[in-house]
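Q: I'd like to ask some things about the structure below.
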Amino acid sequence: HISRSQRLQTLPLWLRLGVVGVGTGVLAWWFPEIQGIGYDSVAAALNNQLAINVLLALMVAKLLITAITVAGGVPIGIIGPVLVAGAATGALGGMLGGWLWPEKAADPGIYAMLGMAAMMGAVLQAPLAALMALLELTHTPTIMLPGMLVVVVACLTSRQLTGCEGFFISSVRYGLHPLQQPLMQALSRVSVPAVMERQLVRTERMITLDQARRLLETNPMWLVIERSSEDKPVLGLKAAELARWLLEHDKALDGEVPPEDELIDLLEIPGQRLEMAPIGLQATLSEAFLKLQDSALGALYVVHGYRPKQQRISGIITRGAIERYYHYTDARQTDARETDS
C-alpha cells in the first residue's frame, strides 16, 4: 500500500530522494545491515548469527524503507529486500519456536529459508515461483511440504486481509513511477550535453538588418531571443525562419535600398517560437524529459555556471531531440521509404 501511494509521487523529485536518503541514513546509523541488497544479512540469518534487535530492524525497517523508496520513484530491485525481510521474519519465528518448544523446533536457519519463500510468495503473489526458489536454494525435496504450507498461508493472508495483488500486477494496474519505467531508466544514464544542439546565438528581440545578417554568418541552428523582463520566458526561433524572412524581404525591395534604421521584430516574423526554460548542464535526459512534460514547454536551454549573471547558454534540447535519441529506426525500412518516394 505504501509503494502505491499517490501522495508521495506528487512531491518534488529532490524532496522524495531526500526523504529516502535521510531515512535510510538515519536507520543505517544504528543498523547498517539494512543497507544494500542484504545477501550477507541473509547468509547470517540462515546461520543463526544475527541478534534479535538486528532481525527486528531487518524485518520492519528494511521492508518499510523499500516501500517508501519504490513509492518515491527510485529505481531499485524488489526481490533482494523481500528475501532479506523474509529471512529475518523466519529467523525470529525459529527463535520463538526454539524458546517455546526446544525439543521439537528445527534449526532457525530452516525457518529463515521458509520465511524467504513466504515473503516472496506474498509480495509477488507468485506461490509457484516461491516454491521453486525454495527447492533450488535448498536442494531438499522434504522441505516442500512445510514450504507449501507457509507460502499458501502467506499468499492468502496478504490477498484477503490486505488486498495485495502482487507487486508486478500492481505496477501494471497503477502504473510505475516515471523514474522506474524502462525508458526513463535508459534516459537517466545519459546527460543533456549528449543530445543538445550547440549551434545557437543569443539575440535581443529588436535587431537591425545588418545585425540579422551577422547573426546568420556563423550558420546557427537556433536563435535564443532574450526578453526585456525576467518574467517573460526566453524564446527559441529556428535560424532558418529568419533567413527565409530576409530572402523574402530582399525580394520585396526589388533592388531598393532599405532604411538604415529599419528594425526587425523577431516576435513578428513568421515562424514557430518555442518557450524555453533553463536546465543545468549536469542534468540527465530523464530530468529534461520530465521538465518538458510537467511545464508543457517546447524546449529547454542548457545553462552552464552557478551565478545568474555569469551563466552561459551552452545549447538547446528539444522534445524531438530526446525522442530521436531513444527511437529505433530500421535501416531497411528507411531505405524502402526513400526508394518509394
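For the C-alpha cells, the naming scheme is as follows: chains receive sequential letters (A, B, ...) according to their order of presentation, residues are indexed from 1 within each chain, and ligands are indexed from 1 in presentation order.
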Quick one: residues within 7 Å of range 229-242 of chain A, only C-alpha atoms counted, chain neighbours fewer than 5 positions away excluded, as a PDB file with N, CA and C atoms, in the first residue's frame?
A:
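Contents of the output file result-v6.pdb:
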ATOM      1  N   PRO A 220      24.071  29.394 -37.461  1.00  0.00           N
ATOM      2  CA  PRO A 220      23.458  28.798 -36.263  1.00  0.00           C
ATOM      3  C   PRO A 220      22.206  28.013 -36.630  1.00  0.00           C
ATOM      4  N   MET A 221      21.809  27.153 -35.737  1.00  0.00           N
ATOM      5  CA  MET A 221      20.557  26.423 -35.908  1.00  0.00           C
ATOM      6  C   MET A 221      19.418  27.096 -35.151  1.00  0.00           C
ATOM      7  N   TRP A 222      19.752  27.735 -34.022  1.00  0.00           N
ATOM      8  CA  TRP A 222      18.739  28.358 -33.185  1.00  0.00           C
ATOM      9  C   TRP A 222      19.117  29.798 -32.869  1.00  0.00           C
ATOM     10  N   LEU A 223      18.087  30.619 -32.738  1.00  0.00           N
ATOM     11  CA  LEU A 223      18.226  31.966 -32.199  1.00  0.00           C
ATOM     12  C   LEU A 223      17.559  31.988 -30.831  1.00  0.00           C
ATOM     13  N   VAL A 224      18.318  32.331 -29.811  1.00  0.00           N
ATOM     14  CA  VAL A 224      17.785  32.430 -28.459  1.00  0.00           C
ATOM     15  C   VAL A 224      17.408  33.887 -28.222  1.00  0.00           C
ATOM     16  N   GLY A 271       7.028  32.160 -38.219  1.00  0.00           N
ATOM     17  CA  GLY A 271       7.847  31.069 -37.701  1.00  0.00           C
ATOM     18  C   GLY A 271       7.350  30.614 -36.343  1.00  0.00           C
ATOM     19  N   GLN A 272       7.732  29.433 -35.977  1.00  0.00           N
ATOM     20  CA  GLN A 272       7.338  28.868 -34.687  1.00  0.00           C
ATOM     21  C   GLN A 272       8.369  29.231 -33.636  1.00  0.00           C
ATOM     22  N   ARG A 273       7.904  29.867 -32.573  1.00  0.00           N
ATOM     23  CA  ARG A 273       8.768  30.227 -31.456  1.00  0.00           C
ATOM     24  C   ARG A 273       8.430  29.338 -30.262  1.00  0.00           C
ATOM     25  N   LEU A 274       9.454  28.745 -29.687  1.00  0.00           N
ATOM     26  CA  LEU A 274       9.271  27.819 -28.571  1.00  0.00           C
ATOM     27  C   LEU A 274       9.614  28.509 -27.262  1.00  0.00           C
ATOM     28  N   GLU A 275       8.704  28.414 -26.303  1.00  0.00           N
ATOM     29  CA  GLU A 275       9.016  28.894 -24.964  1.00  0.00           C
ATOM     30  C   GLU A 275       9.980  27.918 -24.297  1.00  0.00           C
ATOM     31  N   MET A 276      10.999  28.464 -23.663  1.00  0.00           N
ATOM     32  CA  MET A 276      12.047  27.622 -23.098  1.00  0.00           C
ATOM     33  C   MET A 276      12.270  27.958 -21.635  1.00  0.00           C
ATOM     34  N   ALA A 277      12.766  26.973 -20.920  1.00  0.00           N
ATOM     35  CA  ALA A 277      13.140  27.121 -19.511  1.00  0.00           C
ATOM     36  C   ALA A 277      14.564  26.614 -19.348  1.00  0.00           C
TER      37      ALA A 277
END
Q: Which residues, written as a PyMOL selection string, have at least one atom at most 9 Å from Leu55 in chain A, with only C-alpha atoms counted and residues fewer than 3 positions away on the same chain left out?
A: chain A and resi 45+50-52+58-60+85+87-89+91-92
Q: Counting only C-alpha atoms, what is within 12 Å of Ala61 in chain A, bar same-chain residues fewer than 3 positions away, as a PyMOL selection string?
A: chain A and resi 23-28+30-35+53-58+64-69+81-82+84-85+88-89
Q: For the residues selected in the previous step, produce a file with C-alpha atoms as a PDB file, in the first residue's frame.
A:
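For reference, part34.pdb as written:
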ATOM      1  CA  GLY A  23      15.535   7.880   6.251  1.00  0.00           C
ATOM      2  CA  THR A  24      17.959   5.212   5.094  1.00  0.00           C
ATOM      3  CA  GLY A  25      20.916   7.045   6.619  1.00  0.00           C
ATOM      4  CA  VAL A  26      19.238   7.523   9.996  1.00  0.00           C
ATOM      5  CA  LEU A  27      18.221   3.874  10.278  1.00  0.00           C
ATOM      6  CA  ALA A  28      21.587   2.680   8.963  1.00  0.00           C
ATOM      7  CA  TRP A  30      22.067   2.134  14.235  1.00  0.00           C
ATOM      8  CA  PHE A  31      21.541  -0.850  11.951  1.00  0.00           C
ATOM      9  CA  PRO A  32      23.926  -0.775   8.965  1.00  0.00           C
ATOM     10  CA  GLU A  33      22.652  -4.210   7.919  1.00  0.00           C
ATOM     11  CA  ILE A  34      19.600  -2.616   6.253  1.00  0.00           C
ATOM     12  CA  GLN A  35      21.781  -1.086   3.522  1.00  0.00           C
ATOM     13  CA  ASN A  53      17.323  -6.410  17.501  1.00  0.00           C
ATOM     14  CA  VAL A  54      19.048  -6.726  14.123  1.00  0.00           C
ATOM     15  CA  LEU A  55      16.444  -9.218  12.924  1.00  0.00           C
ATOM     16  CA  LEU A  56      13.664  -6.869  14.032  1.00  0.00           C
ATOM     17  CA  ALA A  57      15.321  -3.999  12.159  1.00  0.00           C
ATOM     18  CA  LEU A  58      15.615  -6.093   9.014  1.00  0.00           C
ATOM     19  CA  LEU A  64       9.430  -0.002   5.227  1.00  0.00           C
ATOM     20  CA  ILE A  65      12.399   1.712   3.554  1.00  0.00           C
ATOM     21  CA  THR A  66      11.926  -0.454   0.461  1.00  0.00           C
ATOM     22  CA  ALA A  67       8.247   0.505   0.195  1.00  0.00           C
ATOM     23  CA  ILE A  68       8.993   4.225   0.621  1.00  0.00           C
ATOM     24  CA  THR A  69      11.801   4.020  -1.931  1.00  0.00           C
ATOM     25  CA  PRO A  81      14.855  -6.667   0.019  1.00  0.00           C
ATOM     26  CA  VAL A  82      11.920  -9.092   0.088  1.00  0.00           C
ATOM     27  CA  VAL A  84      16.087 -10.172   3.435  1.00  0.00           C
ATOM     28  CA  ALA A  85      12.884  -9.233   5.271  1.00  0.00           C
ATOM     29  CA  ALA A  88      14.677 -12.068   9.241  1.00  0.00           C
ATOM     30  CA  THR A  89      11.000 -12.818   9.902  1.00  0.00           C
TER      31      THR A  89
END
Q: Hey, can you check how far CA of Val303 in chain A sits from CA of Thr203 in chain A?
A: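 Straight-line distance from CA of Val303 in chain A to CA of Thr203 in chain A works out to 15.7 Å.
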Q: So which residues touch Leu149 in chain A within 10 Å, counting only C-alpha atoms, skipping near sequence neighbours fewer than 5 positions away, as a list in words?
A: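 Those residues are Leu114, Ala118, Met144 and Ala154 of chain A.
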Q: Okay, now the selection with N, CA and C atoms, as a compact mmCIF listing (two decimals), in the first residue's frame?
A:
# COMPACT_ATOMS: atom_id res chain seq x y z
N LEU A 114 12.22 -20.74 5.06
CA LEU A 114 10.77 -20.75 4.85
C LEU A 114 10.21 -19.32 4.84
N ALA A 118 7.97 -17.54 1.96
CA ALA A 118 6.66 -16.98 2.29
C ALA A 118 6.58 -15.51 1.91
N MET A 144 9.56 -29.16 0.89
CA MET A 144 8.46 -28.64 0.07
C MET A 144 7.13 -28.64 0.82
N ALA A 154 0.74 -17.43 3.57
CA ALA A 154 1.20 -16.05 3.36
C ALA A 154 0.47 -15.40 2.19
Q: Could you pull out the residues in range 71-311 of chain A that DSSP calls helix (DSSP H, G or I) from the backbone, as a ChimeraX atom specification?
A: /A:71,79-100,108-124,127-138,141-161,167-174,178-180,182-187,192-194,209-216,239-253,285-295,308-310
Q: According to DSSP computed on the backbone, where in range 280-317 of chain A is there strand (DSSP E)? Give the residues as a PyMOL selection string.
A: chain A and resi 280+299-304+312-317
Q: If you keep N, CA and C atoms, can you produce a file of those selected residues as an mmCIF file, in the first residue's frame?
A:
data_model
loop_
_atom_site.group_PDB
_atom_site.id
_atom_site.type_symbol
_atom_site.label_atom_id
_atom_site.label_comp_id
_atom_site.auth_asym_id
_atom_site.auth_seq_id
_atom_site.Cartn_x
_atom_site.Cartn_y
_atom_site.Cartn_z
ATOM 1 N N GLY A 280 20.215 22.632 -16.039
ATOM 2 C CA GLY A 280 21.647 22.588 -15.797
ATOM 3 C C GLY A 280 22.387 21.675 -16.756
ATOM 4 N N ALA A 299 10.983 23.464 -25.508
ATOM 5 C CA ALA A 299 12.418 23.212 -25.491
ATOM 6 C C ALA A 299 12.989 23.721 -24.178
ATOM 7 N N LEU A 300 14.242 23.364 -23.933
ATOM 8 C CA LEU A 300 14.988 23.820 -22.764
ATOM 9 C C LEU A 300 16.328 24.358 -23.242
ATOM 10 N N TYR A 301 16.787 25.429 -22.611
ATOM 11 C CA TYR A 301 18.131 25.903 -22.916
ATOM 12 C C TYR A 301 19.060 25.515 -21.770
ATOM 13 N N VAL A 302 20.199 24.973 -22.142
ATOM 14 C CA VAL A 302 21.143 24.404 -21.186
ATOM 15 C C VAL A 302 22.091 25.504 -20.728
ATOM 16 N N VAL A 303 22.120 25.731 -19.425
ATOM 17 C CA VAL A 303 22.951 26.796 -18.868
ATOM 18 C C VAL A 303 24.146 26.181 -18.159
ATOM 19 N N HIS A 304 25.239 26.906 -18.213
ATOM 20 C CA HIS A 304 26.480 26.487 -17.573
ATOM 21 C C HIS A 304 26.951 27.614 -16.673
ATOM 22 N N ARG A 312 26.104 30.879 -18.846
ATOM 23 C CA ARG A 312 26.276 30.857 -20.293
ATOM 24 C C ARG A 312 25.388 29.762 -20.876
ATOM 25 N N ILE A 313 24.715 30.080 -21.967
ATOM 26 C CA ILE A 313 23.855 29.101 -22.629
ATOM 27 C C ILE A 313 24.718 28.234 -23.529
ATOM 28 N N SER A 314 24.747 26.937 -23.219
ATOM 29 C CA SER A 314 25.609 26.017 -23.954
ATOM 30 C C SER A 314 24.895 25.316 -25.096
ATOM 31 N N GLY A 315 23.585 25.219 -25.035
ATOM 32 C CA GLY A 315 22.866 24.518 -26.086
ATOM 33 C C GLY A 315 21.377 24.516 -25.828
ATOM 34 N N ILE A 316 20.661 23.892 -26.728
ATOM 35 C CA ILE A 316 19.204 23.775 -26.654
ATOM 36 C C ILE A 316 18.845 22.310 -26.838
ATOM 37 N N ILE A 317 17.932 21.844 -26.015
ATOM 38 C CA ILE A 317 17.446 20.476 -26.136
ATOM 39 C C ILE A 317 15.935 20.523 -26.308
#
Q: Just the number, please: distance in Å from CA of Leu145 in chain A to CA of Met120 in chain A, one decimal.
A: 16.7 Å
Q: What is the distance between CA of Asn48 in chain A and CA of Pro108 in chain A, in Å to one decimal?
A: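 One can read the CA of Asn48 in chain A to CA of Pro108 in chain A distance as 6.3 Å.
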Q: So, counting only C-alpha atoms, which residue among A:Cys155, A:Leu63, A:Ala133, A:Ala106 is closest to Gly121 in chain A?
A: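 The shortest atom-to-atom distance to Gly121 in chain A comes from A:Cys155.
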Q: Would you please work out which residue, of A:Leu281, A:Phe289, A:Pro12, A:Gln211, is nearest to Gln311 in chain A when using only C-alpha atoms?
A: A:Leu281
